[in-house]
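Okay, target_12.pdb is below, PDB, C-alpha atoms, pLDDT in the B column:
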ATOM      1  CA  MET A   1       4.305  18.468 -28.468  1.00 61.00           C
ATOM      2  CA  LYS A   2       5.756  14.939 -28.341  1.00 54.00           C
ATOM      3  CA  THR A   3       9.198  16.408 -28.922  1.00 66.00           C
ATOM      4  CA  VAL A   4       8.791  18.813 -25.988  1.00 51.00           C
ATOM      5  CA  ILE A   5       7.648  16.038 -23.659  1.00 56.00           C
ATOM      6  CA  LEU A   6      10.463  13.769 -24.821  1.00 49.00           C
ATOM      7  CA  SER A   7      12.973  16.574 -24.213  1.00 55.00           C
ATOM      8  CA  ILE A   8      11.658  17.165 -20.698  1.00 57.00           C
ATOM      9  CA  VAL A   9      11.816  13.445 -19.870  1.00 49.00           C
ATOM     10  CA  LEU A  10      15.348  13.221 -21.261  1.00 49.00           C
ATOM     11  CA  MET A  11      16.529  16.254 -19.243  1.00 55.00           C
ATOM     12  CA  PHE A  12      14.974  14.795 -16.086  1.00 50.00           C
ATOM     13  CA  GLY A  13      16.738  11.480 -16.692  1.00 53.00           C
ATOM     14  CA  ILE A  14      20.104  13.164 -17.182  1.00 57.00           C
ATOM     15  CA  THR A  15      19.620  15.187 -13.996  1.00 55.00           C
ATOM     16  CA  MET A  16      18.715  12.092 -11.970  1.00 53.00           C
ATOM     17  CA  ALA A  17      21.665  10.124 -13.361  1.00 51.00           C
ATOM     18  CA  GLY A  18      24.028  12.902 -12.281  1.00 53.00           C
ATOM     19  CA  SER A  19      22.523  12.910  -8.815  1.00 48.00           C
ATOM     20  CA  PHE A  20      22.930   9.134  -8.444  1.00 46.00           C
ATOM     21  CA  GLN A  21      26.514   9.342  -9.656  1.00 51.00           C
ATOM     22  CA  ALA A  22      27.314  12.053  -7.087  1.00 46.00           C
ATOM     23  CA  GLN A  23      25.792   9.937  -4.293  1.00 49.00           C
ATOM     24  CA  ALA A  24      27.830   6.915  -5.382  1.00 47.00           C
ATOM     25  CA  GLN A  25      31.025   8.989  -5.398  1.00 48.00           C
ATOM     26  CA  ASP A  26      30.269  10.310  -1.886  1.00 47.00           C
ATOM     27  CA  ALA A  27      29.684   6.754  -0.662  1.00 45.00           C
ATOM     28  CA  GLN A  28      32.994   5.654  -2.186  1.00 47.00           C
ATOM     29  CA  LYS A  29      34.820   8.533  -0.464  1.00 42.00           C
ATOM     30  CA  ASP A  30      33.276   7.574   2.894  1.00 43.00           C
ATOM     31  CA  LYS A  31      34.262   3.942   2.404  1.00 44.00           C
ATOM     32  CA  ALA A  32      37.797   4.874   1.376  1.00 36.00           C
ATOM     33  CA  ALA A  33      38.173   7.143   4.411  1.00 38.00           C
ATOM     34  CA  CYS A  34      37.123   4.331   6.757  1.00 37.00           C
ATOM     35  CA  GLU A  35      39.502   1.862   5.155  1.00 39.00           C
ATOM     36  CA  VAL A  36      42.408   4.307   5.288  1.00 32.00           C
ATOM     37  CA  GLN A  37      41.784   5.090   8.944  1.00 46.00           C
ATOM     38  CA  GLY A  38      41.558   1.391   9.700  1.00 62.00           C
ATOM     39  CA  ASN A  39      40.785   2.043  13.370  1.00 75.00           C
ATOM     40  CA  LEU A  40      37.028   1.589  13.389  1.00 89.00           C
ATOM     41  CA  ALA A  41      35.517  -0.748  15.921  1.00 93.00           C
ATOM     42  CA  GLU A  42      32.334  -2.597  15.025  1.00 94.00           C
ATOM     43  CA  ALA A  43      29.372  -3.396  17.240  1.00 95.00           C
ATOM     44  CA  SER A  44      26.071  -5.140  16.556  1.00 96.00           C
ATOM     45  CA  PHE A  45      22.951  -5.343  18.679  1.00 97.00           C
ATOM     46  CA  GLU A  46      19.197  -5.755  18.384  1.00 98.00           C
ATOM     47  CA  VAL A  47      16.932  -2.743  17.806  1.00 98.00           C
ATOM     48  CA  ASP A  48      13.137  -2.981  17.588  1.00 98.00           C
ATOM     49  CA  GLY A  49      11.453  -1.595  14.489  1.00 97.00           C
ATOM     50  CA  LEU A  50       9.344  -2.668  11.518  1.00 96.00           C
ATOM     51  CA  CYS A  51       9.752  -0.793   8.265  1.00 96.00           C
ATOM     52  CA  SER A  52      11.986   1.303   6.029  1.00 96.00           C
ATOM     53  CA  MET A  53      10.927   4.446   7.896  1.00 97.00           C
ATOM     54  CA  CYS A  54      12.187   2.796  11.100  1.00 97.00           C
ATOM     55  CA  LYS A  55      15.422   1.889   9.309  1.00 98.00           C
ATOM     56  CA  ASP A  56      16.001   5.504   8.263  1.00 97.00           C
ATOM     57  CA  ARG A  57      15.181   6.833  11.737  1.00 98.00           C
ATOM     58  CA  ILE A  58      17.393   4.304  13.551  1.00 98.00           C
ATOM     59  CA  GLU A  59      20.369   4.778  11.239  1.00 98.00           C
ATOM     60  CA  GLU A  60      20.079   8.570  11.403  1.00 98.00           C
ATOM     61  CA  ALA A  61      19.922   8.532  15.224  1.00 98.00           C
ATOM     62  CA  VAL A  62      23.073   6.396  15.362  1.00 98.00           C
ATOM     63  CA  LYS A  63      24.982   8.514  12.855  1.00 97.00           C
ATOM     64  CA  GLU A  64      24.248  11.657  14.892  1.00 97.00           C
ATOM     65  CA  VAL A  65      26.414  10.303  17.723  1.00 97.00           C
ATOM     66  CA  ASP A  66      29.891  11.856  17.416  1.00 95.00           C
ATOM     67  CA  GLY A  67      32.437   9.254  16.382  1.00 96.00           C
ATOM     68  CA  VAL A  68      30.018   6.908  14.623  1.00 97.00           C
ATOM     69  CA  LYS A  69      31.030   6.577  10.977  1.00 95.00           C
ATOM     70  CA  LYS A  70      28.554   4.024   9.630  1.00 95.00           C
ATOM     71  CA  ALA A  71      25.321   2.404  10.705  1.00 97.00           C
ATOM     72  CA  THR A  72      23.148  -0.207   9.050  1.00 97.00           C
ATOM     73  CA  TRP A  73      19.956  -1.657  10.499  1.00 98.00           C
ATOM     74  CA  ASN A  74      18.717  -4.938   9.027  1.00 98.00           C
ATOM     75  CA  MET A  75      14.907  -5.046   8.957  1.00 96.00           C
ATOM     76  CA  GLU A  76      14.670  -8.845   8.884  1.00 96.00           C
ATOM     77  CA  SER A  77      17.070  -9.641  11.713  1.00 97.00           C
ATOM     78  CA  LYS A  78      16.361  -6.391  13.644  1.00 97.00           C
ATOM     79  CA  THR A  79      20.136  -6.014  14.020  1.00 97.00           C
ATOM     80  CA  LEU A  80      22.055  -2.756  13.927  1.00 97.00           C
ATOM     81  CA  THR A  81      25.701  -2.914  12.875  1.00 96.00           C
ATOM     82  CA  MET A  82      27.803   0.175  13.329  1.00 97.00           C
ATOM     83  CA  GLY A  83      31.386   1.248  12.726  1.00 96.00           C
ATOM     84  CA  PHE A  84      32.791   3.773  15.181  1.00 95.00           C
ATOM     85  CA  HIS A  85      35.891   5.220  16.744  1.00 94.00           C
ATOM     86  CA  GLU A  86      36.271   3.304  19.978  1.00 91.00           C
ATOM     87  CA  ASP A  87      38.096   6.157  21.683  1.00 91.00           C
ATOM     88  CA  GLN A  88      35.232   8.590  20.926  1.00 94.00           C
ATOM     89  CA  VAL A  89      32.049   6.557  21.380  1.00 95.00           C
ATOM     90  CA  GLU A  90      30.447   4.925  24.387  1.00 94.00           C
ATOM     91  CA  VAL A  91      28.072   2.314  22.977  1.00 95.00           C
ATOM     92  CA  LYS A  92      25.549   3.039  25.731  1.00 96.00           C
ATOM     93  CA  LYS A  93      25.207   6.569  24.272  1.00 97.00           C
ATOM     94  CA  VAL A  94      24.197   4.998  20.969  1.00 98.00           C
ATOM     95  CA  HIS A  95      21.543   2.907  22.745  1.00 98.00           C
ATOM     96  CA  LYS A  96      20.215   6.077  24.382  1.00 98.00           C
ATOM     97  CA  ALA A  97      20.146   7.975  21.056  1.00 98.00           C
ATOM     98  CA  ILE A  98      18.116   5.167  19.466  1.00 98.00           C
ATOM     99  CA  ALA A  99      15.708   5.094  22.426  1.00 98.00           C
ATOM    100  CA  LYS A 100      15.306   8.874  22.178  1.00 98.00           C
ATOM    101  CA  ALA A 101      14.266   8.356  18.533  1.00 98.00           C
ATOM    102  CA  GLY A 102      11.505   5.974  19.717  1.00 98.00           C
ATOM    103  CA  HIS A 103      13.074   2.529  19.329  1.00 98.00           C
ATOM    104  CA  ASP A 104      13.893  -0.033  22.017  1.00 98.00           C
ATOM    105  CA  THR A 105      17.300  -1.711  22.201  1.00 97.00           C
ATOM    106  CA  GLU A 106      18.569  -4.451  24.462  1.00 94.00           C
ATOM    107  CA  LYS A 107      20.018  -1.795  26.816  1.00 97.00           C
ATOM    108  CA  ALA A 108      17.635   1.163  26.501  1.00 98.00           C
ATOM    109  CA  LYS A 109      13.863   1.403  26.215  1.00 98.00           C
ATOM    110  CA  ALA A 110      12.232   4.320  24.416  1.00 98.00           C
ATOM    111  CA  SER A 111      10.120   6.538  26.640  1.00 97.00           C
ATOM    112  CA  ASP A 112       6.376   6.268  26.189  1.00 97.00           C
ATOM    113  CA  GLU A 113       6.405   9.784  24.737  1.00 97.00           C
ATOM    114  CA  ALA A 114       9.120   8.966  22.177  1.00 97.00           C
ATOM    115  CA  TYR A 115       7.356   5.731  21.205  1.00 97.00           C
ATOM    116  CA  ALA A 116       3.994   7.506  20.888  1.00 97.00           C
ATOM    117  CA  SER A 117       5.523  10.001  18.465  1.00 97.00           C
ATOM    118  CA  LEU A 118       6.309   7.244  15.934  1.00 97.00           C
ATOM    119  CA  PRO A 119       4.045   6.941  12.877  1.00 96.00           C
ATOM    120  CA  MET A 120       1.367   4.265  13.212  1.00 95.00           C
ATOM    121  CA  CYS A 121       3.133   1.903  10.783  1.00 93.00           C
ATOM    122  CA  CYS A 122       6.235   1.965  13.012  1.00 95.00           C
ATOM    123  CA  LYS A 123       4.508   0.801  16.224  1.00 96.00           C
ATOM    124  CA  TYR A 124       6.332  -2.426  17.055  1.00 95.00           C
ATOM    125  CA  ARG A 125       5.217  -3.039  20.665  1.00 94.00           C
ATOM    126  CA  ASP A 126       2.411  -5.504  21.347  1.00 84.00           C
ATOM    127  CA  GLU A 127       0.515  -3.439  23.878  1.00 59.00           C
TER     128      GLU A 127
END

Encoded form using structure tokens:
Amino acid sequence: MKTVILSIVLMFGITMAGSFQAQAQDAQKDKAACEVQGNLAEASFEVDGLCSMCKDRIEEAVKEVDGVKKATWNMESKTLTMGFHEDQVEVKKVHKAIAKAGHDTEKAKASDEAYASLPMCCKYRDE
């Protein structure tokens, strides 16, 4: 029985290691593509949020805007940094996409409906 359990644990570990390796390779390809293109503009601005769920939601909303190639939101500083093709992206569209996801930026406020749809742990307004 111990041998069966050990085998299952070992197979699970090998599967997870392969998955992590594939993700790392994809990340390297994305990074290499950005460096080769060399024409990405960068912008940073404040976005309200609180937790890792907010981080995921904010970054996903930004990446859905055509022309945005990378997005990172820093939980501590509340700052979003994004890399994008300047000729394809209007930054105000990114602000609107974030607001639509329920988060306020310095140029766009989330609607009450979008804000209300956030999970309780993501409520950042002092109302």

task = List the neighbours of Ala114 of chain A out to 7 Å using all atoms listed in the file; skip same-chain residues closer than 3 positions along the sequence, and give me the result as an MDAnalysis selection string.
result = chainID A and resid 100:102 110:111 117

query = So what does the PyMOL selection byres ((chain A and resi 78) around 7) actually pick up in this one, as an NGL selection string?
reply = :A and (46-49 or 73-77 or 79-80)

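You will find atom CA of Val94 of chain A at 13.7 Å from atom CA of Ala41 of chain A.
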
inquiry  = I'd like the interatomic distance between atom CA of Ile98 of chain A and atom CA of Ala61 of chain A, to a tenth of an Å.
reply    =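 A separation of 5.7 Å between them.
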
message = For a quick check of understanding, using only C-alpha atoms, which of A:Met120, A:Met53, A:Val65, A:Ala71 has the smallest distance to Lys92 of chain A?
response =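 Of all the options, A:Val65 lies closest to Lys92 of chain A.
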
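Take atom CA of Lys107 of chain A and atom CA of Lys93 of chain A: the distance between them is 10.2 Å.
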
ask   = Counting all atoms listed in the file, which of A:Leu50, A:Ala116, A:Val91, A:Cys122 gets nearest to Val62 of chain A?
value = A:Val91

Box for segment 81-88 of chain A - axis-aligned, 8 Å on each of the six sides, all listed atoms - centre and size in Å to one decimal, as JSON.
{"center_x": 31.9, "center_y": 2.8, "center_z": 17.2, "size_x": 28.4, "size_y": 27.5, "size_z": 25.0}

Residue with smallest distance to Asp87 of chain A - pool A:Asp66, A:Thr72, A:Glu60, A:Glu106, counting all atoms listed in the file =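 When distances to Asp87 of chain A are compared using all atoms listed in the file, the smallest one comes from A:Asp66.
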